>>> print(open('target-v3.cif').read())   # mmCIF, C-alpha atoms and all ligand atoms
data_upload
#
loop_
_atom_site.group_PDB
_atom_site.id
_atom_site.type_symbol
_atom_site.label_atom_id
_atom_site.label_comp_id
_atom_site.auth_asym_id
_atom_site.auth_seq_id
_atom_site.Cartn_x
_atom_site.Cartn_y
_atom_site.Cartn_z
ATOM 1 C CA MET A 25 -3.427 140.000 162.941
ATOM 2 C CA ALA A 26 -6.718 139.854 161.038
ATOM 3 C CA ARG A 27 -9.862 139.903 163.103
ATOM 4 C CA ARG A 28 -11.257 136.439 163.805
ATOM 5 C CA GLU A 29 -14.658 135.808 162.248
ATOM 6 C CA ILE A 30 -15.686 133.667 165.196
ATOM 7 C CA PRO A 31 -14.536 134.657 168.703
ATOM 8 C CA ASN A 32 -12.756 132.678 171.410
ATOM 9 C CA LEU A 33 -14.187 132.779 174.925
ATOM 10 C CA ILE A 34 -12.801 131.695 178.257
ATOM 11 C CA VAL A 35 -15.320 130.633 180.878
ATOM 12 C CA CYS A 36 -13.548 130.808 184.220
ATOM 13 C CA GLY A 37 -14.477 130.900 187.900
ATOM 14 C CA THR A 38 -14.093 128.990 191.134
ATOM 15 C CA PRO A 39 -14.761 125.226 190.831
ATOM 16 C CA GLY A 40 -18.508 124.653 191.204
ATOM 17 C CA THR A 41 -19.631 128.008 189.796
ATOM 18 C CA GLY A 42 -20.980 126.262 186.694
ATOM 19 C CA LYS A 43 -18.317 126.638 183.988
ATOM 20 C CA THR A 44 -18.658 123.214 182.411
ATOM 21 C CA SER A 45 -22.451 123.164 182.375
ATOM 22 C CA LEU A 46 -22.640 126.691 180.917
ATOM 23 C CA ALA A 47 -19.885 126.011 178.359
ATOM 24 C CA HIS A 48 -21.626 122.804 177.285
ATOM 25 C CA LYS A 49 -24.947 124.586 176.854
ATOM 26 C CA LEU A 50 -23.347 127.496 175.032
ATOM 27 C CA ALA A 51 -21.506 125.145 172.662
ATOM 28 C CA SER A 52 -24.740 123.414 171.692
ATOM 29 C CA GLN A 53 -26.525 126.737 171.182
ATOM 30 C CA SER A 54 -23.733 128.533 169.315
ATOM 31 C CA GLY A 55 -21.832 125.812 167.465
ATOM 32 C CA LEU A 56 -18.546 126.875 169.081
ATOM 33 C CA LYS A 57 -16.336 124.065 170.380
ATOM 34 C CA HIS A 58 -16.170 123.473 174.123
ATOM 35 C CA ILE A 59 -12.814 122.465 175.583
ATOM 36 C CA ASP A 60 -12.790 121.412 179.231
ATOM 37 C CA LEU A 61 -9.105 122.148 179.758
ATOM 38 C CA SER A 62 -8.574 119.869 182.760
ATOM 39 C CA LYS A 63 -9.858 116.875 180.801
ATOM 40 C CA TYR A 64 -8.129 117.984 177.625
ATOM 41 C CA ALA A 65 -4.786 118.264 179.432
ATOM 42 C CA VAL A 66 -5.084 114.772 180.849
ATOM 43 C CA GLU A 67 -6.145 113.317 177.470
ATOM 44 C CA HIS A 68 -3.249 114.972 175.649
ATOM 45 C CA ASN A 69 -0.663 114.491 178.375
ATOM 46 C CA LEU A 70 -0.277 118.218 179.080
ATOM 47 C CA VAL A 71 -0.144 117.885 182.856
ATOM 48 C CA ASP A 72 2.577 118.769 185.293
ATOM 49 C CA GLY A 73 1.974 116.671 188.385
ATOM 50 C CA TRP A 74 -0.868 116.282 190.874
ATOM 51 C CA ASP A 75 -2.243 118.813 193.375
ATOM 52 C CA GLU A 76 -2.565 116.934 196.673
ATOM 53 C CA VAL A 77 -4.783 119.564 198.332
ATOM 54 C CA LEU A 78 -7.187 120.059 195.453
ATOM 55 C CA ASN A 79 -6.890 116.432 194.375
ATOM 56 C CA CYS A 80 -6.641 117.264 190.693
ATOM 57 C CA ALA A 81 -4.096 117.294 187.893
ATOM 58 C CA VAL A 82 -1.988 120.447 187.533
ATOM 59 C CA LEU A 83 -1.970 121.818 183.997
ATOM 60 C CA ASP A 84 1.305 122.389 182.270
ATOM 61 C CA GLU A 85 0.127 125.791 181.095
ATOM 62 C CA ASP A 86 2.873 126.292 178.503
ATOM 63 C CA LYS A 87 2.196 122.912 176.944
ATOM 64 C CA VAL A 88 -1.544 123.607 176.850
ATOM 65 C CA VAL A 89 -1.017 126.918 175.076
ATOM 66 C CA ASP A 90 1.488 125.345 172.638
ATOM 67 C CA HIS A 91 -0.979 122.566 171.904
ATOM 68 C CA LEU A 92 -3.853 124.951 171.164
ATOM 69 C CA GLU A 93 -1.835 127.628 169.425
ATOM 70 C CA SER A 94 -2.390 126.251 165.948
ATOM 71 C CA CYS A 95 -6.212 126.280 166.191
ATOM 72 C CA LEU A 96 -7.045 129.213 168.499
ATOM 73 C CA PRO A 97 -6.131 132.004 166.054
ATOM 74 C CA ASP A 98 -9.067 130.968 163.810
ATOM 75 C CA GLY A 99 -11.505 131.306 166.707
ATOM 76 C CA GLY A 100 -14.555 129.280 167.628
ATOM 77 C CA TYR A 101 -13.490 127.939 171.016
ATOM 78 C CA ILE A 102 -15.021 128.035 174.472
ATOM 79 C CA LEU A 103 -12.210 127.329 176.921
ATOM 80 C CA ASP A 104 -13.422 126.059 180.283
ATOM 81 C CA TYR A 105 -10.978 126.283 183.176
ATOM 82 C CA HIS A 106 -10.902 127.877 186.633
ATOM 83 C CA GLY A 107 -7.966 130.137 185.778
ATOM 84 C CA CYS A 108 -7.450 132.391 182.795
ATOM 85 C CA ASP A 109 -4.117 134.158 183.155
ATOM 86 C CA PHE A 110 -1.910 131.954 181.013
ATOM 87 C CA PHE A 111 -3.391 132.519 177.554
ATOM 88 C CA PRO A 112 -1.858 135.144 175.294
ATOM 89 C CA GLN A 113 -4.246 138.129 175.411
ATOM 90 C CA GLU A 114 -4.509 138.332 171.638
ATOM 91 C CA LEU A 115 -6.076 134.853 171.434
ATOM 92 C CA ILE A 116 -8.993 135.658 173.759
ATOM 93 C CA ASP A 117 -11.988 137.812 172.818
ATOM 94 C CA THR A 118 -14.035 137.648 175.974
ATOM 95 C CA VAL A 119 -13.432 136.395 179.503
ATOM 96 C CA VAL A 120 -16.541 135.205 181.349
ATOM 97 C CA VAL A 121 -16.096 135.044 185.121
ATOM 98 C CA LEU A 122 -18.880 133.091 186.843
ATOM 99 C CA ARG A 123 -19.797 134.033 190.414
ATOM 100 C CA THR A 124 -21.822 132.061 192.942
ATOM 101 C CA GLU A 125 -23.094 132.945 196.406
ATOM 102 C CA ASN A 126 -21.362 131.196 199.294
ATOM 103 C CA SER A 127 -24.193 129.001 200.535
ATOM 104 C CA VAL A 128 -25.083 127.844 197.022
ATOM 105 C CA LEU A 129 -21.447 127.118 196.181
ATOM 106 C CA TYR A 130 -20.927 125.240 199.437
ATOM 107 C CA ASP A 131 -23.857 122.945 198.677
ATOM 108 C CA ARG A 132 -22.583 122.244 195.147
ATOM 109 C CA LEU A 133 -19.081 121.381 196.349
ATOM 110 C CA LYS A 134 -20.476 119.220 199.157
ATOM 111 C CA ALA A 135 -22.720 117.430 196.637
ATOM 112 C CA ARG A 136 -19.611 116.619 194.615
ATOM 113 C CA GLY A 137 -18.247 114.785 197.629
ATOM 114 C CA TYR A 138 -15.200 117.034 197.926
ATOM 115 C CA PRO A 139 -13.199 116.676 201.163
ATOM 116 C CA GLU A 140 -13.541 119.610 203.625
ATOM 117 C CA ALA A 141 -10.031 120.915 202.824
ATOM 118 C CA LYS A 142 -10.897 121.197 199.156
ATOM 119 C CA ILE A 143 -14.267 122.785 199.937
ATOM 120 C CA SER A 144 -12.713 125.472 202.162
ATOM 121 C CA ASN A 145 -9.966 126.140 199.646
ATOM 122 C CA ASN A 146 -12.544 126.717 196.907
ATOM 123 C CA MET A 147 -14.841 128.749 199.175
ATOM 124 C CA GLU A 148 -11.928 131.075 199.974
ATOM 125 C CA CYS A 149 -11.181 131.393 196.278
ATOM 126 C CA GLU A 150 -14.753 132.619 195.682
ATOM 127 C CA ILE A 151 -14.965 134.852 198.775
ATOM 128 C CA PHE A 152 -11.729 136.644 197.864
ATOM 129 C CA GLN A 153 -12.827 136.879 194.182
ATOM 130 C CA THR A 154 -9.465 135.413 193.240
ATOM 131 C CA ILE A 155 -10.453 134.520 189.672
ATOM 132 C CA LEU A 156 -12.063 137.896 188.961
ATOM 133 C CA ASP A 157 -8.901 139.637 190.152
ATOM 134 C CA GLU A 158 -6.798 137.288 188.029
ATOM 135 C CA ALA A 159 -8.925 138.157 184.987
ATOM 136 C CA ARG A 160 -8.574 141.888 185.694
ATOM 137 C CA GLU A 161 -4.804 141.551 185.986
ATOM 138 C CA SER A 162 -4.532 139.627 182.724
ATOM 139 C CA TYR A 163 -7.080 141.195 180.342
ATOM 140 C CA GLU A 164 -8.585 144.546 179.444
ATOM 141 C CA GLU A 165 -11.558 145.410 181.634
ATOM 142 C CA ASP A 166 -13.874 145.790 178.628
ATOM 143 C CA ILE A 167 -13.597 142.136 177.593
ATOM 144 C CA ILE A 168 -14.386 140.783 181.071
ATOM 145 C CA MET A 169 -18.000 139.720 181.778
ATOM 146 C CA GLU A 170 -18.770 138.906 185.403
ATOM 147 C CA LEU A 171 -21.939 136.770 185.449
ATOM 148 C CA SER A 172 -23.987 135.512 188.353
ATOM 149 C CA SER A 173 -24.505 131.719 188.378
ATOM 150 C CA ASN A 174 -26.772 130.745 191.271
ATOM 151 C CA THR A 175 -29.846 129.301 189.602
ATOM 152 C CA PRO A 176 -30.790 127.420 186.421
ATOM 153 C CA GLU A 177 -32.623 130.574 185.276
ATOM 154 C CA GLU A 178 -29.413 132.572 185.610
ATOM 155 C CA GLN A 179 -27.555 129.915 183.650
ATOM 156 C CA ASP A 180 -30.114 130.120 180.840
ATOM 157 C CA ALA A 181 -29.885 133.912 180.846
ATOM 158 C CA ASN A 182 -26.089 133.734 180.726
ATOM 159 C CA ALA A 183 -26.168 131.344 177.766
ATOM 160 C CA GLU A 184 -28.642 133.612 175.976
ATOM 161 C CA LYS A 185 -26.529 136.693 176.607
ATOM 162 C CA LEU A 186 -23.409 134.968 175.290
ATOM 163 C CA VAL A 187 -25.166 133.553 172.214
ATOM 164 C CA SER A 188 -26.232 137.074 171.379
ATOM 165 C CA TRP A 189 -22.746 138.435 172.061
ATOM 166 C CA ILE A 190 -21.286 135.808 169.690
ATOM 167 C CA ALA A 191 -23.841 136.757 167.010
ATOM 168 C CA ASP A 192 -22.880 140.429 167.381
ATOM 169 C CA TRP A 193 -19.231 139.504 167.018
ATOM 170 C CA LYS A 194 -19.893 137.497 163.868
ATOM 171 C CA ASN A 195 -21.860 140.421 162.451
ATOM 172 C CA ASP A 196 -18.898 142.618 163.207
ATOM 173 C CA LYS A 197 -20.906 144.801 165.563
ATOM 174 C CA LEU A 198 -18.232 144.546 168.236
ATOM 175 C CA LYS A 199 -14.767 146.178 168.238
HETATM 176 P P1 LIG B 1 -17.587 123.912 187.265
HETATM 177 O O1 LIG B 1 -17.293 123.374 185.904
HETATM 178 O O2 LIG B 1 -17.422 125.394 187.364
HETATM 179 O O3 LIG B 1 -16.834 123.220 188.356
HETATM 180 P P2 LIG B 1 -20.187 122.641 186.885
HETATM 181 O O4 LIG B 1 -20.695 123.199 185.610
HETATM 182 O O5 LIG B 1 -19.617 121.280 186.858
HETATM 183 O O6 LIG B 1 -19.149 123.655 187.568
HETATM 184 O O7 LIG B 1 -21.398 122.749 187.925
HETATM 185 C C1 LIG B 1 -21.315 122.195 189.229
HETATM 186 C C2 LIG B 1 -22.709 121.729 189.644
HETATM 187 O O8 LIG B 1 -23.557 122.854 189.827
HETATM 188 C C3 LIG B 1 -23.393 120.853 188.606
HETATM 189 O O9 LIG B 1 -24.179 119.897 189.282
HETATM 190 C C4 LIG B 1 -24.278 121.827 187.837
HETATM 191 O O10 LIG B 1 -25.409 121.209 187.292
HETATM 192 C C5 LIG B 1 -24.672 122.812 188.934
HETATM 193 N N1 LIG B 1 -24.850 124.185 188.408
HETATM 194 C C6 LIG B 1 -23.959 124.880 187.704
HETATM 195 N N2 LIG B 1 -24.413 126.108 187.420
HETATM 196 C C7 LIG B 1 -25.632 126.199 187.978
HETATM 197 C C8 LIG B 1 -26.609 127.231 188.046
HETATM 198 N N3 LIG B 1 -26.431 128.438 187.481
HETATM 199 N N4 LIG B 1 -27.757 126.971 188.724
HETATM 200 C C9 LIG B 1 -27.955 125.766 189.282
HETATM 201 N N5 LIG B 1 -27.072 124.752 189.270
HETATM 202 C C10 LIG B 1 -25.918 124.961 188.619
HETATM 203 MN MN MN B 2 -15.821 121.967 185.248
#
>>> encode(input="target-v3.cif", output="structure tokens")
Amino acid sequence: MARREIPNLIVCGTPGTGKTSLAHKLASQSGLKHIDLSKYAVEHNLVDGWDEVLNCAVLDEDKVVDHLESCLPDGGYILDYHGCDFFPQELIDTVVVLRTENSVLYDRLKARGYPEAKISNNMECEIFQTILDEARESYEEDIIMELSSNTPEEQDANAEKLVSWIADWKNDKLK
């Protein structure tokens, strides 16, 4: 397959680590399109039931991939979802895994009004670095970027780093 002129990124991480806010910022700074997959799946009827513990829709991962398969090969997408293991490797150029310290994450989840069961489930996910491990099992180590997301300054730095990475990709300085 020919190299994409514009890359595709996944921004993943435990709920509350800052995926949607970073992806939104990055989209406005880079011109890439942000897709919040949970919302997208609901809007396009690509869901497979309801998770009672997490109180959210469960993605039908195959349907999501089928739905995006016609546009992803051309690149230019920022995919925002907690998990990352269900996309074909060849469609993804970098996997950003956001990480947040426990006390900061706890406060964010609490501020969202999540029930305690959902907070502890997500805290465990972050403590056991579940998403980072998932990324490492699904993609080559050299396309994974683990980024710290505790403060607004870190979020700005992350956006800046990714904007510059995207520019390097477009200038064919990568790979
Ligand atoms: P996610 O999409 O991963 O669940 P969000 O982007 O919705 O996370 O962020 C959750 C909350 O935390 C929001 O109120 C957001 O403004 C805040 N937030 C996210 N990232 C940071 C950060 N790096 N520093 C400070 N606050 C942040
Ligand atoms: Mn989100």
>>> residues_near_ligand(input="target-v3.cif", ligand="ligand LIG 1 (chain B)", cutoff="9 Å", atoms="only C-alpha atoms and all ligand atoms", output="PyMOL selection string")
chain A and resi 35-48+60+104-106+122+124+128-129+131-133+135-136+172-180+182
>>> residues_around(input="target-v3.cif", residues="Ala159 (chain A)", least_positions_apart="4", cutoff="10 Å", atoms="only C-alpha atoms", output="list of chain:residue names")
A:Cys36, A:Gly37, A:Gly107, A:Cys108, A:Asp109, A:Val119, A:Val120, A:Val121, A:Thr154, A:Ile155, A:Tyr163, A:Glu164, A:Glu165, A:Ile167, A:Ile168, A:Met169, A:Glu170
>>> atom_distance(input="target-v3.cif", atom1="CA of Leu92 (chain A)", atom2="CA of Phe110 (chain A)")
12.2 Å
>>> resolve_selection(input="target-v3.cif", expression="the PyMOL selection byres (((chain A and resi 103) around 6) and not hetatm)", output="list in words")
Ile34, Ile59, Ile102 and Asp104 of chain A
>>> residues_around(input="target-v3.cif", residues="Ser188 (chain A)", least_positions_apart="6", cutoff="12 Å", atoms="all atoms listed in the file", output="PDB file with C-alpha atoms, in the frame of the given file")
ATOM      1  CA  LEU A  50     -23.347 127.496 175.032  1.00  0.00           C
ATOM      2  CA  GLN A  53     -26.525 126.737 171.182  1.00  0.00           C
ATOM      3  CA  SER A  54     -23.733 128.533 169.315  1.00  0.00           C
ATOM      4  CA  ALA A 181     -29.885 133.912 180.846  1.00  0.00           C
ATOM      5  CA  ASN A 182     -26.089 133.734 180.726  1.00  0.00           C
ATOM      6  CA  LYS A 194     -19.893 137.497 163.868  1.00  0.00           C
ATOM      7  CA  ASN A 195     -21.860 140.421 162.451  1.00  0.00           C
ATOM      8  CA  LYS A 197     -20.906 144.801 165.563  1.00  0.00           C
ATOM      9  CA  LEU A 198     -18.232 144.546 168.236  1.00  0.00           C
TER      10      LEU A 198
END
>>> residues_around(input="target-v3.cif", residues="Pro97 (chain A)", least_positions_apart="5", cutoff="10 Å", atoms="only C-alpha atoms", output="VMD selection string")
chain A and resid 25 to 28 30 to 32 92 114 to 116
>>> atom_distance(input="target-v3.cif", atom1="CA of Cys80 (chain A)", atom2="CA of Arg160 (chain A)")
25.2 Å
>>> atom_distance(input="target-v3.cif", atom1="CA of Lys142 (chain A)", atom2="CA of Glu125 (chain A)")
17.2 Å
>>> axis_aligned_box(input="target-v3.cif", around="region 25-39 of chain A", padding_each_side="6 Å", output="JSON")
{"center_x": -9.6, "center_y": 132.6, "center_z": 176.1, "size_x": 24.3, "size_y": 26.8, "size_z": 42.1}
>>> residues_around(input="target-v3.cif", residues="Glu85 (chain A)", least_positions_apart="3", cutoff="9 Å", atoms="all atoms listed in the file", output="list in words")
Leu70, Val71, Asp72, Val82, Val88, Val89, Asp90, Phe110 and Phe111 of chain A
>>> write_last_selection(input="target-v3.cif", atoms="C-alpha atoms", output="compact mmCIF listing (two decimals), in the coordinates of the input")
# COMPACT_ATOMS: atom_id res chain seq x y z
CA LEU A 70 -0.28 118.22 179.08
CA VAL A 71 -0.14 117.88 182.86
CA ASP A 72 2.58 118.77 185.29
CA VAL A 82 -1.99 120.45 187.53
CA VAL A 88 -1.54 123.61 176.85
CA VAL A 89 -1.02 126.92 175.08
CA ASP A 90 1.49 125.34 172.64
CA PHE A 110 -1.91 131.95 181.01
CA PHE A 111 -3.39 132.52 177.55
>>> resolve_selection(input="target-v3.cif", expression="the PyMOL selection byres (((chain A and resi 147) around 9) and not hetatm)", output="ChimeraX atom specification")
/A:38,126,129-130,133,142-146,148-152
>>> write_last_selection(input="target-v3.cif", atoms="C-alpha atoms", output="PDB file, in the coordinates of the input")
ATOM      1  CA  THR A  38     -14.093 128.990 191.134  1.00  0.00           C
ATOM      2  CA  ASN A 126     -21.362 131.196 199.294  1.00  0.00           C
ATOM      3  CA  LEU A 129     -21.447 127.118 196.181  1.00  0.00           C
ATOM      4  CA  TYR A 130     -20.927 125.240 199.437  1.00  0.00           C
ATOM      5  CA  LEU A 133     -19.081 121.381 196.349  1.00  0.00           C
ATOM      6  CA  LYS A 142     -10.897 121.197 199.156  1.00  0.00           C
ATOM      7  CA  ILE A 143     -14.267 122.785 199.937  1.00  0.00           C
ATOM      8  CA  SER A 144     -12.713 125.472 202.162  1.00  0.00           C
ATOM      9  CA  ASN A 145      -9.966 126.140 199.646  1.00  0.00           C
ATOM     10  CA  ASN A 146     -12.544 126.717 196.907  1.00  0.00           C
ATOM     11  CA  GLU A 148     -11.928 131.075 199.974  1.00  0.00           C
ATOM     12  CA  CYS A 149     -11.181 131.393 196.278  1.00  0.00           C
ATOM     13  CA  GLU A 150     -14.753 132.619 195.682  1.00  0.00           C
ATOM     14  CA  ILE A 151     -14.965 134.852 198.775  1.00  0.00           C
ATOM     15  CA  PHE A 152     -11.729 136.644 197.864  1.00  0.00           C
TER      16      PHE A 152
END
>>> resolve_selection(input="target-v3.cif", expression="the PyMOL selection byres (((chain A and resi 62) around 8) and not hetatm)", output="PyMOL selection string")
chain A and resi 60-61+63-66+81+83+105
>>> closest_residue(input="target-v3.cif", among="A:Thr118, A:His58, A:Glu93, A:Asp84", to="ligand MN 2 (chain B)", atoms="all atoms listed in the file")
A:His58
>>> build_atoms(input="target-v3.cif", residues="region 108-144 of chain A", atoms="N, CA and C atoms", output="mmCIF file, in the coordinates of the input")
data_model
loop_
_atom_site.group_PDB
_atom_site.id
_atom_site.type_symbol
_atom_site.label_atom_id
_atom_site.label_comp_id
_atom_site.auth_asym_id
_atom_site.auth_seq_id
_atom_site.Cartn_x
_atom_site.Cartn_y
_atom_site.Cartn_z
ATOM 1 N N CYS A 108 -7.388 131.814 184.145
ATOM 2 C CA CYS A 108 -7.450 132.391 182.795
ATOM 3 C C CYS A 108 -6.183 133.149 182.433
ATOM 4 N N ASP A 109 -5.200 133.185 183.347
ATOM 5 C CA ASP A 109 -4.117 134.158 183.155
ATOM 6 C C ASP A 109 -2.992 133.689 182.248
ATOM 7 N N PHE A 110 -3.082 132.462 181.724
ATOM 8 C CA PHE A 110 -1.910 131.954 181.013
ATOM 9 C C PHE A 110 -2.068 131.960 179.487
ATOM 10 N N PHE A 111 -3.237 132.427 179.004
ATOM 11 C CA PHE A 111 -3.391 132.519 177.554
ATOM 12 C C PHE A 111 -2.901 133.868 177.043
ATOM 13 N N PRO A 112 -2.244 133.855 175.876
ATOM 14 C CA PRO A 112 -1.858 135.144 175.294
ATOM 15 C C PRO A 112 -3.120 135.982 175.061
ATOM 16 N N GLN A 113 -3.084 137.242 175.511
ATOM 17 C CA GLN A 113 -4.246 138.129 175.411
ATOM 18 C C GLN A 113 -4.853 138.187 174.019
ATOM 19 N N GLU A 114 -3.991 138.131 172.998
ATOM 20 C CA GLU A 114 -4.509 138.332 171.638
ATOM 21 C C GLU A 114 -5.320 137.134 171.127
ATOM 22 N N LEU A 115 -5.297 136.022 171.874
ATOM 23 C CA LEU A 115 -6.076 134.853 171.434
ATOM 24 C C LEU A 115 -7.463 134.810 172.059
ATOM 25 N N ILE A 116 -7.754 135.726 172.983
ATOM 26 C CA ILE A 116 -8.993 135.658 173.759
ATOM 27 C C ILE A 116 -9.841 136.911 173.499
ATOM 28 N N ASP A 117 -11.115 136.684 173.155
ATOM 29 C CA ASP A 117 -11.988 137.812 172.818
ATOM 30 C C ASP A 117 -12.943 138.200 173.935
ATOM 31 N N THR A 118 -13.308 137.258 174.768
ATOM 32 C CA THR A 118 -14.035 137.648 175.974
ATOM 33 C C THR A 118 -13.733 136.673 177.104
ATOM 34 N N VAL A 119 -13.729 137.190 178.316
ATOM 35 C CA VAL A 119 -13.432 136.395 179.503
ATOM 36 C C VAL A 119 -14.670 136.437 180.400
ATOM 37 N N VAL A 120 -15.354 135.305 180.502
ATOM 38 C CA VAL A 120 -16.541 135.205 181.349
ATOM 39 C C VAL A 120 -16.087 134.716 182.719
ATOM 40 N N VAL A 121 -16.433 135.482 183.759
ATOM 41 C CA VAL A 121 -16.096 135.044 185.121
ATOM 42 C C VAL A 121 -17.409 134.740 185.837
ATOM 43 N N LEU A 122 -17.641 133.479 186.158
ATOM 44 C CA LEU A 122 -18.880 133.091 186.843
ATOM 45 C C LEU A 122 -18.731 133.293 188.343
ATOM 46 N N ARG A 123 -19.807 133.779 188.975
ATOM 47 C CA ARG A 123 -19.797 134.033 190.414
ATOM 48 C C ARG A 123 -21.001 133.352 191.065
ATOM 49 N N THR A 124 -20.761 132.774 192.229
ATOM 50 C CA THR A 124 -21.822 132.061 192.942
ATOM 51 C C THR A 124 -21.794 132.436 194.417
ATOM 52 N N GLU A 125 -22.993 132.606 194.975
ATOM 53 C CA GLU A 125 -23.094 132.945 196.406
ATOM 54 C C GLU A 125 -22.563 131.799 197.266
ATOM 55 N N ASN A 126 -22.047 132.177 198.437
ATOM 56 C CA ASN A 126 -21.362 131.196 199.294
ATOM 57 C C ASN A 126 -22.182 129.953 199.621
ATOM 58 N N SER A 127 -23.424 130.162 200.061
ATOM 59 C CA SER A 127 -24.193 129.001 200.535
ATOM 60 C C SER A 127 -24.516 128.063 199.369
ATOM 61 N N VAL A 128 -24.784 128.652 198.207
ATOM 62 C CA VAL A 128 -25.083 127.844 197.022
ATOM 63 C C VAL A 128 -23.830 127.068 196.607
ATOM 64 N N LEU A 129 -22.698 127.756 196.593
ATOM 65 C CA LEU A 129 -21.447 127.118 196.181
ATOM 66 C C LEU A 129 -21.085 125.987 197.145
ATOM 67 N N TYR A 130 -21.252 126.264 198.428
ATOM 68 C CA TYR A 130 -20.927 125.240 199.437
ATOM 69 C C TYR A 130 -21.715 123.964 199.155
ATOM 70 N N ASP A 131 -23.015 124.118 198.927
ATOM 71 C CA ASP A 131 -23.857 122.945 198.677
ATOM 72 C C ASP A 131 -23.419 122.189 197.416
ATOM 73 N N ARG A 132 -23.028 122.921 196.376
ATOM 74 C CA ARG A 132 -22.583 122.244 195.147
ATOM 75 C C ARG A 132 -21.300 121.457 195.379
ATOM 76 N N LEU A 133 -20.367 122.052 196.120
ATOM 77 C CA LEU A 133 -19.081 121.381 196.349
ATOM 78 C C LEU A 133 -19.277 120.161 197.247
ATOM 79 N N LYS A 134 -20.151 120.320 198.242
ATOM 80 C CA LYS A 134 -20.476 119.220 199.157
ATOM 81 C C LYS A 134 -21.110 118.075 198.351
ATOM 82 N N ALA A 135 -22.030 118.440 197.450
ATOM 83 C CA ALA A 135 -22.720 117.430 196.637
ATOM 84 C C ALA A 135 -21.745 116.681 195.733
ATOM 85 N N ARG A 136 -20.627 117.293 195.422
ATOM 86 C CA ARG A 136 -19.611 116.619 194.615
ATOM 87 C C ARG A 136 -18.783 115.646 195.443
ATOM 88 N N GLY A 137 -18.985 115.679 196.756
ATOM 89 C CA GLY A 137 -18.247 114.785 197.629
ATOM 90 C C GLY A 137 -16.815 115.240 197.868
ATOM 91 N N TYR A 138 -16.558 116.531 197.678
ATOM 92 C CA TYR A 138 -15.200 117.034 197.926
ATOM 93 C C TYR A 138 -14.874 116.947 199.411
ATOM 94 N N PRO A 139 -13.618 116.629 199.758
ATOM 95 C CA PRO A 139 -13.199 116.676 201.163
ATOM 96 C C PRO A 139 -13.242 118.115 201.691
ATOM 97 N N GLU A 140 -13.396 118.272 203.033
ATOM 98 C CA GLU A 140 -13.541 119.610 203.625
ATOM 99 C C GLU A 140 -12.404 120.560 203.219
ATOM 100 N N ALA A 141 -11.174 120.039 203.153
ATOM 101 C CA ALA A 141 -10.031 120.915 202.824
ATOM 102 C C ALA A 141 -10.211 121.525 201.431
ATOM 103 N N LYS A 142 -10.705 120.716 200.535
ATOM 104 C CA LYS A 142 -10.897 121.197 199.156
ATOM 105 C C LYS A 142 -12.085 122.156 199.098
ATOM 106 N N ILE A 143 -13.118 121.866 199.900
ATOM 107 C CA ILE A 143 -14.267 122.785 199.937
ATOM 108 C C ILE A 143 -13.820 124.142 200.477
ATOM 109 N N SER A 144 -13.094 124.155 201.613
ATOM 110 C CA SER A 144 -12.713 125.472 202.162
ATOM 111 C C SER A 144 -11.776 126.214 201.238
#
